[in-house]
Every structure is written in structure tokens, then in C-alpha cells.
>>> print(open('protein_24.pdb').read())   # PDB, C-alpha atoms, pLDDT in the B column
ATOM      1  CA  MET A 103     165.122 217.524 382.754  1.00 91.00           C
ATOM      2  CA  ALA A 104     163.728 214.357 381.128  1.00 94.00           C
ATOM      3  CA  ILE A 105     160.002 213.836 380.683  1.00 89.00           C
ATOM      4  CA  ASP A 106     158.355 211.411 383.104  1.00 88.00           C
ATOM      5  CA  PRO A 107     158.495 207.966 381.377  1.00 91.00           C
ATOM      6  CA  ARG A 108     154.828 207.331 382.275  1.00 90.00           C
ATOM      7  CA  VAL A 109     153.706 210.136 379.953  1.00 91.00           C
ATOM      8  CA  ASP A 110     151.928 209.037 376.782  1.00 89.00           C
ATOM      9  CA  ILE A 111     149.861 210.595 374.015  1.00 88.00           C
ATOM     10  CA  GLY A 112     146.245 210.596 375.172  1.00 90.00           C
ATOM     11  CA  HIS A 113     144.520 211.645 371.975  1.00 95.00           C
ATOM     12  CA  VAL A 114     144.895 213.512 368.734  1.00 96.00           C
ATOM     13  CA  HIS A 115     142.423 216.015 367.288  1.00 96.00           C
ATOM     14  CA  LEU A 116     142.146 216.289 363.517  1.00 96.00           C
ATOM     15  CA  LYS A 117     140.606 219.064 361.484  1.00 96.00           C
ATOM     16  CA  VAL A 118     138.410 217.447 358.836  1.00 97.00           C
ATOM     17  CA  SER A 119     136.220 218.826 356.069  1.00 97.00           C
ATOM     18  CA  ASP A 120     133.241 216.540 356.693  1.00 97.00           C
ATOM     19  CA  ILE A 121     132.399 214.535 359.822  1.00 97.00           C
ATOM     20  CA  ASP A 122     130.429 211.850 357.961  1.00 98.00           C
ATOM     21  CA  SER A 123     133.230 211.005 355.521  1.00 97.00           C
ATOM     22  CA  ALA A 124     135.792 211.042 358.347  1.00 98.00           C
ATOM     23  CA  LEU A 125     133.609 208.647 360.372  1.00 98.00           C
ATOM     24  CA  ALA A 126     133.128 206.418 357.322  1.00 98.00           C
ATOM     25  CA  PHE A 127     136.911 205.940 357.372  1.00 98.00           C
ATOM     26  CA  TYR A 128     137.809 205.869 361.077  1.00 98.00           C
ATOM     27  CA  ARG A 129     134.677 204.123 362.375  1.00 98.00           C
ATOM     28  CA  ASP A 130     133.469 202.026 359.445  1.00 98.00           C
ATOM     29  CA  VAL A 131     136.822 200.938 357.968  1.00 97.00           C
ATOM     30  CA  LEU A 132     139.303 201.057 360.870  1.00 97.00           C
ATOM     31  CA  GLY A 133     136.690 200.073 363.458  1.00 97.00           C
ATOM     32  CA  PHE A 134     136.943 202.867 366.040  1.00 98.00           C
ATOM     33  CA  GLU A 135     133.862 203.266 368.248  1.00 98.00           C
ATOM     34  CA  GLU A 136     131.944 206.543 368.086  1.00 97.00           C
ATOM     35  CA  MET A 137     131.757 207.780 371.680  1.00 98.00           C
ATOM     36  CA  GLN A 138     130.073 211.157 371.194  1.00 97.00           C
ATOM     37  CA  ARG A 139     129.015 213.369 368.346  1.00 97.00           C
ATOM     38  CA  TYR A 140     128.148 217.046 368.068  1.00 96.00           C
ATOM     39  CA  GLY A 141     126.148 217.157 364.833  1.00 95.00           C
ATOM     40  CA  ASP A 142     128.351 217.979 361.845  1.00 94.00           C
ATOM     41  CA  GLN A 143     130.903 219.819 364.005  1.00 97.00           C
ATOM     42  CA  ALA A 144     132.736 217.137 365.977  1.00 97.00           C
ATOM     43  CA  ALA A 145     132.943 213.453 366.812  1.00 98.00           C
ATOM     44  CA  PHE A 146     135.011 211.606 369.394  1.00 98.00           C
ATOM     45  CA  ILE A 147     136.108 208.031 368.677  1.00 98.00           C
ATOM     46  CA  SER A 148     138.015 205.410 370.611  1.00 97.00           C
ATOM     47  CA  ALA A 149     139.290 201.877 370.831  1.00 96.00           C
ATOM     48  CA  GLY A 150     138.070 199.939 373.840  1.00 94.00           C
ATOM     49  CA  GLY A 151     135.659 202.464 375.318  1.00 93.00           C
ATOM     50  CA  TYR A 152     138.128 205.217 376.285  1.00 94.00           C
ATOM     51  CA  HIS A 153     136.503 208.671 376.110  1.00 95.00           C
ATOM     52  CA  HIS A 154     138.405 209.382 372.901  1.00 96.00           C
ATOM     53  CA  HIS A 155     141.643 208.569 371.171  1.00 96.00           C
ATOM     54  CA  ILE A 156     140.819 210.680 368.134  1.00 97.00           C
ATOM     55  CA  GLY A 157     138.763 213.832 367.958  1.00 97.00           C
ATOM     56  CA  LEU A 158     137.439 214.868 364.549  1.00 97.00           C
ATOM     57  CA  ASN A 159     136.202 218.415 364.097  1.00 97.00           C
ATOM     58  CA  THR A 160     135.098 220.897 361.436  1.00 97.00           C
ATOM     59  CA  TRP A 161     135.391 223.993 363.643  1.00 96.00           C
ATOM     60  CA  GLU A 162     137.957 225.643 361.348  1.00 94.00           C
ATOM     61  CA  SER A 163     137.840 223.299 358.382  1.00 96.00           C
ATOM     62  CA  LYS A 164     134.262 222.493 357.264  1.00 97.00           C
ATOM     63  CA  GLY A 165     134.328 221.993 353.494  1.00 97.00           C
ATOM     64  CA  GLY A 166     138.032 222.825 353.497  1.00 96.00           C
ATOM     65  CA  SER A 167     140.880 221.311 351.547  1.00 94.00           C
ATOM     66  CA  PRO A 168     144.093 219.678 352.770  1.00 93.00           C
ATOM     67  CA  PRO A 169     147.129 221.909 353.284  1.00 90.00           C
ATOM     68  CA  PRO A 170     149.185 222.228 350.112  1.00 91.00           C
ATOM     69  CA  PRO A 171     152.493 220.361 349.798  1.00 89.00           C
ATOM     70  CA  GLY A 172     155.460 222.259 351.147  1.00 92.00           C
ATOM     71  CA  THR A 173     153.661 223.513 354.261  1.00 92.00           C
ATOM     72  CA  THR A 174     154.110 222.477 357.864  1.00 92.00           C
ATOM     73  CA  GLY A 175     151.628 220.434 359.844  1.00 89.00           C
ATOM     74  CA  LEU A 176     150.916 216.908 360.942  1.00 90.00           C
ATOM     75  CA  TYR A 177     152.974 214.289 359.085  1.00 92.00           C
ATOM     76  CA  HIS A 178     150.906 211.311 360.241  1.00 95.00           C
ATOM     77  CA  VAL A 179     148.928 209.826 363.102  1.00 96.00           C
ATOM     78  CA  ALA A 180     150.286 206.444 364.173  1.00 96.00           C
ATOM     79  CA  ILE A 181     147.754 203.883 365.360  1.00 97.00           C
ATOM     80  CA  ARG A 182     149.447 201.016 367.212  1.00 96.00           C
ATOM     81  CA  TYR A 183     147.942 197.528 367.089  1.00 97.00           C
ATOM     82  CA  PRO A 184     148.668 195.021 369.872  1.00 96.00           C
ATOM     83  CA  ASP A 185     150.107 192.282 367.647  1.00 96.00           C
ATOM     84  CA  ARG A 186     150.774 191.172 364.084  1.00 97.00           C
ATOM     85  CA  LYS A 187     147.420 189.405 363.719  1.00 96.00           C
ATOM     86  CA  ALA A 188     145.482 192.561 364.668  1.00 96.00           C
ATOM     87  CA  LEU A 189     147.577 194.580 362.190  1.00 97.00           C
ATOM     88  CA  ALA A 190     146.868 191.970 359.507  1.00 97.00           C
ATOM     89  CA  GLN A 191     143.125 192.267 360.161  1.00 96.00           C
ATOM     90  CA  ALA A 192     143.342 196.071 359.877  1.00 97.00           C
ATOM     91  CA  LEU A 193     145.188 195.727 356.566  1.00 98.00           C
ATOM     92  CA  LYS A 194     142.500 193.347 355.306  1.00 97.00           C
ATOM     93  CA  GLN A 195     139.752 195.860 356.189  1.00 97.00           C
ATOM     94  CA  VAL A 196     141.611 198.688 354.424  1.00 98.00           C
ATOM     95  CA  VAL A 197     142.199 196.577 351.296  1.00 97.00           C
ATOM     96  CA  GLU A 198     138.578 195.376 351.221  1.00 97.00           C
ATOM     97  CA  ALA A 199     137.396 199.008 351.496  1.00 97.00           C
ATOM     98  CA  GLY A 200     139.477 199.856 348.413  1.00 98.00           C
ATOM     99  CA  ILE A 201     141.649 202.395 350.225  1.00 97.00           C
ATOM    100  CA  PRO A 202     145.036 202.723 348.536  1.00 98.00           C
ATOM    101  CA  LEU A 203     148.212 202.287 350.547  1.00 98.00           C
ATOM    102  CA  SER A 204     150.967 204.858 350.259  1.00 97.00           C
ATOM    103  CA  GLY A 205     153.624 202.566 351.714  1.00 97.00           C
ATOM    104  CA  ALA A 206     154.499 199.558 353.850  1.00 98.00           C
ATOM    105  CA  THR A 207     157.763 199.362 355.770  1.00 98.00           C
ATOM    106  CA  ASP A 208     159.546 197.001 358.121  1.00 98.00           C
ATOM    107  CA  HIS A 209     161.409 199.306 360.524  1.00 97.00           C
ATOM    108  CA  GLY A 210     162.967 196.463 362.501  1.00 97.00           C
ATOM    109  CA  VAL A 211     161.400 197.816 365.698  1.00 97.00           C
ATOM    110  CA  SER A 212     157.963 197.827 364.073  1.00 98.00           C
ATOM    111  CA  GLU A 213     155.973 196.923 360.975  1.00 98.00           C
ATOM    112  CA  ALA A 214     154.041 199.815 359.424  1.00 98.00           C
ATOM    113  CA  ILE A 215     151.404 200.408 356.768  1.00 98.00           C
ATOM    114  CA  TYR A 216     150.866 203.939 355.476  1.00 98.00           C
ATOM    115  CA  LEU A 217     147.724 205.440 353.941  1.00 98.00           C
ATOM    116  CA  ARG A 218     145.741 208.692 353.743  1.00 97.00           C
ATOM    117  CA  ASP A 219     142.380 209.476 355.336  1.00 97.00           C
ATOM    118  CA  PRO A 220     139.602 211.267 353.368  1.00 96.00           C
ATOM    119  CA  ASP A 221     141.158 214.651 354.276  1.00 96.00           C
ATOM    120  CA  ASP A 222     144.621 213.551 353.117  1.00 95.00           C
ATOM    121  CA  ASN A 223     145.969 213.240 356.671  1.00 95.00           C
ATOM    122  CA  GLY A 224     148.768 210.696 356.894  1.00 96.00           C
ATOM    123  CA  ILE A 225     147.850 207.537 358.807  1.00 97.00           C
ATOM    124  CA  GLU A 226     150.277 204.863 359.987  1.00 97.00           C
ATOM    125  CA  LEU A 227     148.883 201.521 361.107  1.00 97.00           C
ATOM    126  CA  TYR A 228     151.619 199.591 362.895  1.00 97.00           C
ATOM    127  CA  ARG A 229     152.650 197.051 365.485  1.00 97.00           C
ATOM    128  CA  ASP A 230     155.766 197.124 367.629  1.00 97.00           C
ATOM    129  CA  ARG A 231     158.068 194.150 367.811  1.00 96.00           C
ATOM    130  CA  PRO A 232     159.142 193.047 371.295  1.00 96.00           C
ATOM    131  CA  LYS A 233     162.125 195.109 372.479  1.00 94.00           C
ATOM    132  CA  ALA A 234     164.338 192.007 372.542  1.00 94.00           C
ATOM    133  CA  GLU A 235     163.887 191.703 368.744  1.00 94.00           C
ATOM    134  CA  TRP A 236     164.866 195.300 367.897  1.00 95.00           C
ATOM    135  CA  PRO A 237     167.895 195.565 365.611  1.00 95.00           C
ATOM    136  CA  ARG A 238     171.009 196.808 367.372  1.00 95.00           C
ATOM    137  CA  ALA A 239     174.174 198.544 366.203  1.00 93.00           C
ATOM    138  CA  ASP A 240     177.588 197.204 367.219  1.00 94.00           C
ATOM    139  CA  ASP A 241     177.561 199.504 370.257  1.00 95.00           C
ATOM    140  CA  GLY A 242     174.195 198.072 371.410  1.00 91.00           C
ATOM    141  CA  SER A 243     172.120 201.116 370.502  1.00 94.00           C
ATOM    142  CA  MET A 244     168.819 200.733 368.665  1.00 93.00           C
ATOM    143  CA  SER A 245     169.225 200.734 364.894  1.00 93.00           C
ATOM    144  CA  MET A 246     165.971 201.203 362.997  1.00 95.00           C
ATOM    145  CA  ILE A 247     165.787 200.067 359.382  1.00 95.00           C
ATOM    146  CA  SER A 248     163.521 200.800 356.417  1.00 96.00           C
ATOM    147  CA  GLU A 249     162.908 197.641 354.421  1.00 97.00           C
ATOM    148  CA  PRO A 250     159.852 196.660 352.357  1.00 97.00           C
ATOM    149  CA  LEU A 251     157.107 194.978 354.392  1.00 98.00           C
ATOM    150  CA  ASP A 252     155.763 191.742 352.898  1.00 97.00           C
ATOM    151  CA  LEU A 253     152.063 192.582 352.676  1.00 97.00           C
ATOM    152  CA  ARG A 254     151.054 189.178 351.265  1.00 97.00           C
ATOM    153  CA  ALA A 255     152.583 187.418 354.267  1.00 97.00           C
ATOM    154  CA  LEU A 256     150.914 189.896 356.602  1.00 98.00           C
ATOM    155  CA  LEU A 257     147.496 189.467 354.927  1.00 97.00           C
ATOM    156  CA  ALA A 258     147.845 185.693 355.283  1.00 97.00           C
ATOM    157  CA  GLU A 259     147.677 186.186 359.067  1.00 96.00           C
ATOM    158  CA  ALA A 260     144.275 187.944 358.963  1.00 95.00           C
ATOM    159  CA  ASP A 261     141.168 186.065 360.108  1.00 78.00           C
TER     160      ASP A 261
END
>>> encode(input="protein_24.pdb", output="C-alpha cells")
Amino acid sequence: MAIDPRVDIGHVHLKVSDIDSALAFYRDVLGFEEMQRYGDQAAFISAGGYHHHIGLNTWESKGGSPPPPGTTGLYHVAIRYPDRKALAQALKQVVEAGIPLSGATDHGVSEAIYLRDPDDNGIELYRDRPKAEWPRADDGSMSMISEPLDLRALLAEAD
């Protein structure tokens, strides 16, 4: 049985070591709006006034460290921007905040920038290309690629 195509991911909840440093990244750099906060235990943030797209909590992780390499867990959270200009503005904010990038890839179907949050969680900032522009194999199936993304050209599109 296939999943209903109307299903989407409503929110993600991240274990963080410190709410203030997590908010400094997600709210102050990426621009999410703080919707509700429970002291130093949890915060709920969103884009556009939704109750929350990302939950941040210290319930099991206050003062903790990231999981060591070679363990299972979340690979990254992907934050989709509506268009190339919005992605360019996000990149500009990240660069101006001095946050290092861990990668930038043109996947054919999307353009993606990779970085780490203060708790070393993987973050992907990306925009989808229109479906009509997706690369296709000879049989017509989608054929994603992994090519370098031209960050200078992307930054040139920021306000």
C-alpha cells in the first residue's frame, strides 16, 4: 500500500545542548520565528507563523555532546526555500554570520547548501527546481546528479 501523496513532514524535533545557542542559529541567522519557549528546556520555531516546523529541546541532552562518528541518527534536516533568490539570501546570512559550509551541490532536481548547527546536526538549505527541469535518464526516469554548486553565482542573486 502506497502512502497518501498528501502526506508531508510537519515538523522535526532536535535534541540540543543549549536552547540559547540553538536559537542564535535557527532564529537569528536562518530567520525562523520563535513561536513558544519553555525556559531552557524547549523552543518551537517556524516560518510563516505555523505552530512549529522545528522543535528544539534539552530534555535528554542539556549540556550534552553530539553523537560520535560511526553511530546512527539524523543525517540532516532539509529546509526548503521557495526559490533561488530566497536560497541566495539564506546563503548570504550564513556567510555573514561566519558559519562554515560543509558542502554545496547541484543535484539537478535541486540546489543545496550544507552546514552544521551548533550541536553538529547536519542542515541542508535547498531549493527545488521545477519538475520540468529535472534531469532524466534515457528511459524518462528521474536522474539526480551531484555537481558542484556555483556559490558566487548564487550569492550574486541575494538582495
>>> residues_around(input="protein_24.pdb", residues="region 225-229 of chain A", least_positions_apart="4", cutoff="10 Å", atoms="all atoms listed in the file", output="mmCIF file with C-alpha atoms, keeping the file's coordinate frame")
data_model
loop_
_atom_site.group_PDB
_atom_site.id
_atom_site.type_symbol
_atom_site.label_atom_id
_atom_site.label_comp_id
_atom_site.auth_asym_id
_atom_site.auth_seq_id
_atom_site.Cartn_x
_atom_site.Cartn_y
_atom_site.Cartn_z
ATOM 1 C CA LEU A 132 139.303 201.057 360.870
ATOM 2 C CA TYR A 177 152.974 214.289 359.085
ATOM 3 C CA HIS A 178 150.906 211.311 360.241
ATOM 4 C CA VAL A 179 148.928 209.826 363.102
ATOM 5 C CA ALA A 180 150.286 206.444 364.173
ATOM 6 C CA ILE A 181 147.754 203.883 365.360
ATOM 7 C CA ARG A 182 149.447 201.016 367.212
ATOM 8 C CA TYR A 183 147.942 197.528 367.089
ATOM 9 C CA PRO A 184 148.668 195.021 369.872
ATOM 10 C CA ASP A 185 150.107 192.282 367.647
ATOM 11 C CA ARG A 186 150.774 191.172 364.084
ATOM 12 C CA LYS A 187 147.420 189.405 363.719
ATOM 13 C CA ALA A 188 145.482 192.561 364.668
ATOM 14 C CA LEU A 189 147.577 194.580 362.190
ATOM 15 C CA ALA A 190 146.868 191.970 359.507
ATOM 16 C CA ALA A 192 143.342 196.071 359.877
ATOM 17 C CA LEU A 193 145.188 195.727 356.566
ATOM 18 C CA LEU A 203 148.212 202.287 350.547
ATOM 19 C CA SER A 204 150.967 204.858 350.259
ATOM 20 C CA GLY A 205 153.624 202.566 351.714
ATOM 21 C CA ALA A 206 154.499 199.558 353.850
ATOM 22 C CA THR A 207 157.763 199.362 355.770
ATOM 23 C CA ASP A 208 159.546 197.001 358.121
ATOM 24 C CA VAL A 211 161.400 197.816 365.698
ATOM 25 C CA SER A 212 157.963 197.827 364.073
ATOM 26 C CA GLU A 213 155.973 196.923 360.975
ATOM 27 C CA ALA A 214 154.041 199.815 359.424
ATOM 28 C CA ILE A 215 151.404 200.408 356.768
ATOM 29 C CA TYR A 216 150.866 203.939 355.476
ATOM 30 C CA LEU A 217 147.724 205.440 353.941
ATOM 31 C CA ARG A 218 145.741 208.692 353.743
ATOM 32 C CA ASP A 219 142.380 209.476 355.336
#
>>> resolve_selection(input="protein_24.pdb", expression="the PyMOL selection byres ((chain A and resi 123) around 12)", output="MDAnalysis selection string")
chainID A and resid 118:122 124:131 142 145 158:160 164:165 219:222
>>> residues_around(input="protein_24.pdb", residues="Trp236 (chain A)", least_positions_apart="4", cutoff="10 Å", atoms="all atoms listed in the file", output="PDB file with C-alpha atoms, in the frame of the given file")
ATOM      1  CA  HIS A 209     161.409 199.306 360.524  1.00 97.00           C
ATOM      2  CA  GLY A 210     162.967 196.463 362.501  1.00 97.00           C
ATOM      3  CA  VAL A 211     161.400 197.816 365.698  1.00 97.00           C
ATOM      4  CA  SER A 212     157.963 197.827 364.073  1.00 98.00           C
ATOM      5  CA  ASP A 230     155.766 197.124 367.629  1.00 97.00           C
ATOM      6  CA  ARG A 231     158.068 194.150 367.811  1.00 96.00           C
ATOM      7  CA  PRO A 232     159.142 193.047 371.295  1.00 96.00           C
ATOM      8  CA  SER A 243     172.120 201.116 370.502  1.00 94.00           C
ATOM      9  CA  MET A 244     168.819 200.733 368.665  1.00 93.00           C
ATOM     10  CA  SER A 245     169.225 200.734 364.894  1.00 93.00           C
ATOM     11  CA  MET A 246     165.971 201.203 362.997  1.00 95.00           C
ATOM     12  CA  ILE A 247     165.787 200.067 359.382  1.00 95.00           C
TER      13      ILE A 247
END
>>> closest_residue(input="protein_24.pdb", among="A:Trp161, A:Thr173, A:Gly166, A:Ile156", to="Gly141 (chain A)", atoms="all atoms listed in the file")
A:Trp161
>>> closest_residue(input="protein_24.pdb", among="A:Glu235, A:Asp241, A:Glu135, A:Glu198", to="Leu257 (chain A)", atoms="all atoms listed in the file")
A:Glu198
>>> closest_residue(input="protein_24.pdb", among="A:Gly224, A:Lys194, A:His115, A:Pro169", to="Glu259 (chain A)", atoms="all atoms listed in the file")
A:Lys194
>>> resolve_selection(input="protein_24.pdb", expression="the PyMOL selection byres ((chain A and resi 105-113) around 8)", output="number ranges by chain")
A: 103-104, 114-115, 154-157
>>> resolve_selection(input="protein_24.pdb", expression="the PyMOL selection byres ((chain A and resi 150) around 9)", output="VMD selection string")
chain A and resid 134 to 135 148 to 149 151 to 152
>>> atom_distance(input="protein_24.pdb", atom1="CA of Arg139 (chain A)", atom2="CA of Ser163 (chain A)")
16.6 Å
>>> atom_distance(input="protein_24.pdb", atom1="CA of Gln195 (chain A)", atom2="CA of Gly133 (chain A)")
8.9 Å
>>> atom_distance(input="protein_24.pdb", atom1="CA of Gln138 (chain A)", atom2="CA of Pro168 (chain A)")
24.7 Å
>>> decode(input="protein_24.pdb", residues="region 140-248 of chain A", atoms="C-alpha atoms", output="PDB file, in the first residue's frame")
ATOM      1  CA  TYR A 140       9.719  26.759  27.794  1.00  0.00           C
ATOM      2  CA  GLY A 141      12.664  28.322  29.626  1.00  0.00           C
ATOM      3  CA  ASP A 142      15.914  26.493  28.885  1.00  0.00           C
ATOM      4  CA  GLN A 143      14.104  23.228  28.094  1.00  0.00           C
ATOM      5  CA  ALA A 144      12.393  23.763  24.744  1.00  0.00           C
ATOM      6  CA  ALA A 145      11.597  26.232  21.990  1.00  0.00           C
ATOM      7  CA  PHE A 146       9.310  25.945  18.983  1.00  0.00           C
ATOM      8  CA  ILE A 147      10.168  27.869  15.811  1.00  0.00           C
ATOM      9  CA  SER A 148       8.505  28.312  12.453  1.00  0.00           C
ATOM     10  CA  ALA A 149       8.457  30.001   9.091  1.00  0.00           C
ATOM     11  CA  GLY A 150       5.317  31.975   8.356  1.00  0.00           C
ATOM     12  CA  GLY A 151       3.533  31.642  11.684  1.00  0.00           C
ATOM     13  CA  TYR A 152       2.894  27.873  11.693  1.00  0.00           C
ATOM     14  CA  HIS A 153       2.851  26.474  15.249  1.00  0.00           C
ATOM     15  CA  HIS A 154       6.280  24.950  14.671  1.00  0.00           C
ATOM     16  CA  HIS A 155       8.420  23.497  11.942  1.00  0.00           C
ATOM     17  CA  ILE A 156      11.320  22.787  14.275  1.00  0.00           C
ATOM     18  CA  GLY A 157      11.222  21.902  17.936  1.00  0.00           C
ATOM     19  CA  LEU A 158      14.427  22.349  19.929  1.00  0.00           C
ATOM     20  CA  ASN A 159      14.709  20.644  23.296  1.00  0.00           C
ATOM     21  CA  THR A 160      17.199  19.822  26.049  1.00  0.00           C
ATOM     22  CA  TRP A 161      15.045  17.171  27.744  1.00  0.00           C
ATOM     23  CA  GLU A 162      17.654  14.430  27.243  1.00  0.00           C
ATOM     24  CA  SER A 163      20.583  16.480  26.007  1.00  0.00           C
ATOM     25  CA  LYS A 164      21.223  19.597  28.148  1.00  0.00           C
ATOM     26  CA  GLY A 165      24.971  20.250  28.120  1.00  0.00           C
ATOM     27  CA  GLY A 166      25.451  17.129  26.014  1.00  0.00           C
ATOM     28  CA  SER A 167      27.760  16.471  23.108  1.00  0.00           C
ATOM     29  CA  PRO A 168      26.969  15.371  19.551  1.00  0.00           C
ATOM     30  CA  PRO A 169      26.855  11.638  18.837  1.00  0.00           C
ATOM     31  CA  PRO A 170      30.268  10.291  17.875  1.00  0.00           C
ATOM     32  CA  PRO A 171      31.015   9.433  14.237  1.00  0.00           C
ATOM     33  CA  GLY A 172      30.064   5.916  13.264  1.00  0.00           C
ATOM     34  CA  THR A 173      26.739   5.947  15.123  1.00  0.00           C
ATOM     35  CA  THR A 174      23.227   6.078  13.742  1.00  0.00           C
ATOM     36  CA  GLY A 175      20.942   9.076  13.945  1.00  0.00           C
ATOM     37  CA  LEU A 176      19.765  12.031  11.939  1.00  0.00           C
ATOM     38  CA  TYR A 177      21.879  12.707   8.837  1.00  0.00           C
ATOM     39  CA  HIS A 178      20.465  16.179   8.181  1.00  0.00           C
ATOM     40  CA  VAL A 179      17.372  18.350   8.318  1.00  0.00           C
ATOM     41  CA  ALA A 180      16.492  19.798   4.917  1.00  0.00           C
ATOM     42  CA  ILE A 181      14.987  23.278   4.878  1.00  0.00           C
ATOM     43  CA  ARG A 182      13.376  24.053   1.513  1.00  0.00           C
ATOM     44  CA  TYR A 183      13.306  27.628   0.224  1.00  0.00           C
ATOM     45  CA  PRO A 184      10.645  28.715  -2.286  1.00  0.00           C
ATOM     46  CA  ASP A 185      13.042  29.931  -4.987  1.00  0.00           C
ATOM     47  CA  ARG A 186      16.664  30.603  -5.885  1.00  0.00           C
ATOM     48  CA  LYS A 187      16.588  34.201  -4.638  1.00  0.00           C
ATOM     49  CA  ALA A 188      15.390  33.132  -1.168  1.00  0.00           C
ATOM     50  CA  LEU A 189      18.119  30.458  -1.060  1.00  0.00           C
ATOM     51  CA  ALA A 190      20.689  33.080  -2.076  1.00  0.00           C
ATOM     52  CA  GLN A 191      19.550  35.347   0.768  1.00  0.00           C
ATOM     53  CA  ALA A 192      19.855  32.453   3.243  1.00  0.00           C
ATOM     54  CA  LEU A 193      23.380  31.744   1.993  1.00  0.00           C
ATOM     55  CA  LYS A 194      24.280  35.415   2.426  1.00  0.00           C
ATOM     56  CA  GLN A 195      23.042  35.372   6.047  1.00  0.00           C
ATOM     57  CA  VAL A 196      25.031  32.205   6.810  1.00  0.00           C
ATOM     58  CA  VAL A 197      28.212  33.623   5.241  1.00  0.00           C
ATOM     59  CA  GLU A 198      27.814  36.963   7.041  1.00  0.00           C
ATOM     60  CA  ALA A 199      27.381  35.094  10.355  1.00  0.00           C
ATOM     61  CA  GLY A 200      30.709  33.337   9.730  1.00  0.00           C
ATOM     62  CA  ILE A 201      29.195  29.851   9.726  1.00  0.00           C
ATOM     63  CA  PRO A 202      31.312  27.462   7.666  1.00  0.00           C
ATOM     64  CA  LEU A 203      29.735  25.445   4.880  1.00  0.00           C
ATOM     65  CA  SER A 204      30.378  21.726   4.679  1.00  0.00           C
ATOM     66  CA  GLY A 205      29.286  21.463   1.049  1.00  0.00           C
ATOM     67  CA  ALA A 206      27.286  22.871  -1.848  1.00  0.00           C
ATOM     68  CA  THR A 207      25.810  20.627  -4.525  1.00  0.00           C
ATOM     69  CA  ASP A 208      23.716  20.928  -7.656  1.00  0.00           C
ATOM     70  CA  HIS A 209      21.576  17.770  -7.654  1.00  0.00           C
ATOM     71  CA  GLY A 210      19.823  18.608 -10.917  1.00  0.00           C
ATOM     72  CA  VAL A 211      16.446  18.402  -9.166  1.00  0.00           C
ATOM     73  CA  SER A 212      17.607  20.873  -6.519  1.00  0.00           C
ATOM     74  CA  GLU A 213      20.419  23.157  -5.403  1.00  0.00           C
ATOM     75  CA  ALA A 214      21.700  22.500  -1.878  1.00  0.00           C
ATOM     76  CA  ILE A 215      23.987  24.095   0.689  1.00  0.00           C
ATOM     77  CA  TYR A 216      25.194  22.001   3.620  1.00  0.00           C
ATOM     78  CA  LEU A 217      26.302  23.177   7.065  1.00  0.00           C
ATOM     79  CA  ARG A 218      26.235  22.172  10.744  1.00  0.00           C
ATOM     80  CA  ASP A 219      24.215  23.741  13.555  1.00  0.00           C
ATOM     81  CA  PRO A 220      25.799  24.498  16.978  1.00  0.00           C
ATOM     82  CA  ASP A 221      25.099  20.894  18.084  1.00  0.00           C
ATOM     83  CA  ASP A 222      26.703  19.447  14.941  1.00  0.00           C
ATOM     84  CA  ASN A 223      23.356  18.442  13.411  1.00  0.00           C
ATOM     85  CA  GLY A 224      23.505  18.376   9.626  1.00  0.00           C
ATOM     86  CA  ILE A 225      21.491  21.132   7.942  1.00  0.00           C
ATOM     87  CA  GLU A 226      20.643  21.327   4.244  1.00  0.00           C
ATOM     88  CA  LEU A 227      19.354  24.610   2.854  1.00  0.00           C
ATOM     89  CA  TYR A 228      17.942  23.999  -0.616  1.00  0.00           C
ATOM     90  CA  ARG A 229      15.513  24.921  -3.349  1.00  0.00           C
ATOM     91  CA  ASP A 230      13.795  22.561  -5.756  1.00  0.00           C
ATOM     92  CA  ARG A 231      13.920  23.150  -9.473  1.00  0.00           C
ATOM     93  CA  PRO A 232      10.608  22.914 -11.340  1.00  0.00           C
ATOM     94  CA  LYS A 233       9.822  19.281 -12.197  1.00  0.00           C
ATOM     95  CA  ALA A 234      10.053  20.034 -15.926  1.00  0.00           C
ATOM     96  CA  GLU A 235      13.760  20.899 -15.442  1.00  0.00           C
ATOM     97  CA  TRP A 236      14.723  17.688 -13.605  1.00  0.00           C
ATOM     98  CA  PRO A 237      17.386  15.640 -15.391  1.00  0.00           C
ATOM     99  CA  ARG A 238      16.046  12.464 -16.958  1.00  0.00           C
ATOM    100  CA  ALA A 239      17.617   9.153 -17.943  1.00  0.00           C
ATOM    101  CA  ASP A 240      17.059   7.721 -21.425  1.00  0.00           C
ATOM    102  CA  ASP A 241      14.041   5.794 -20.122  1.00  0.00           C
ATOM    103  CA  GLY A 242      12.458   9.021 -18.783  1.00  0.00           C
ATOM    104  CA  SER A 243      13.083   8.293 -15.112  1.00  0.00           C
ATOM    105  CA  MET A 244      14.472  10.976 -12.813  1.00  0.00           C
ATOM    106  CA  SER A 245      18.264  11.035 -12.743  1.00  0.00           C
ATOM    107  CA  MET A 246      19.718  13.070  -9.889  1.00  0.00           C
ATOM    108  CA  ILE A 247      23.279  14.344 -10.186  1.00  0.00           C
ATOM    109  CA  SER A 248      25.922  15.611  -7.761  1.00  0.00           C
TER     110      SER A 248
END
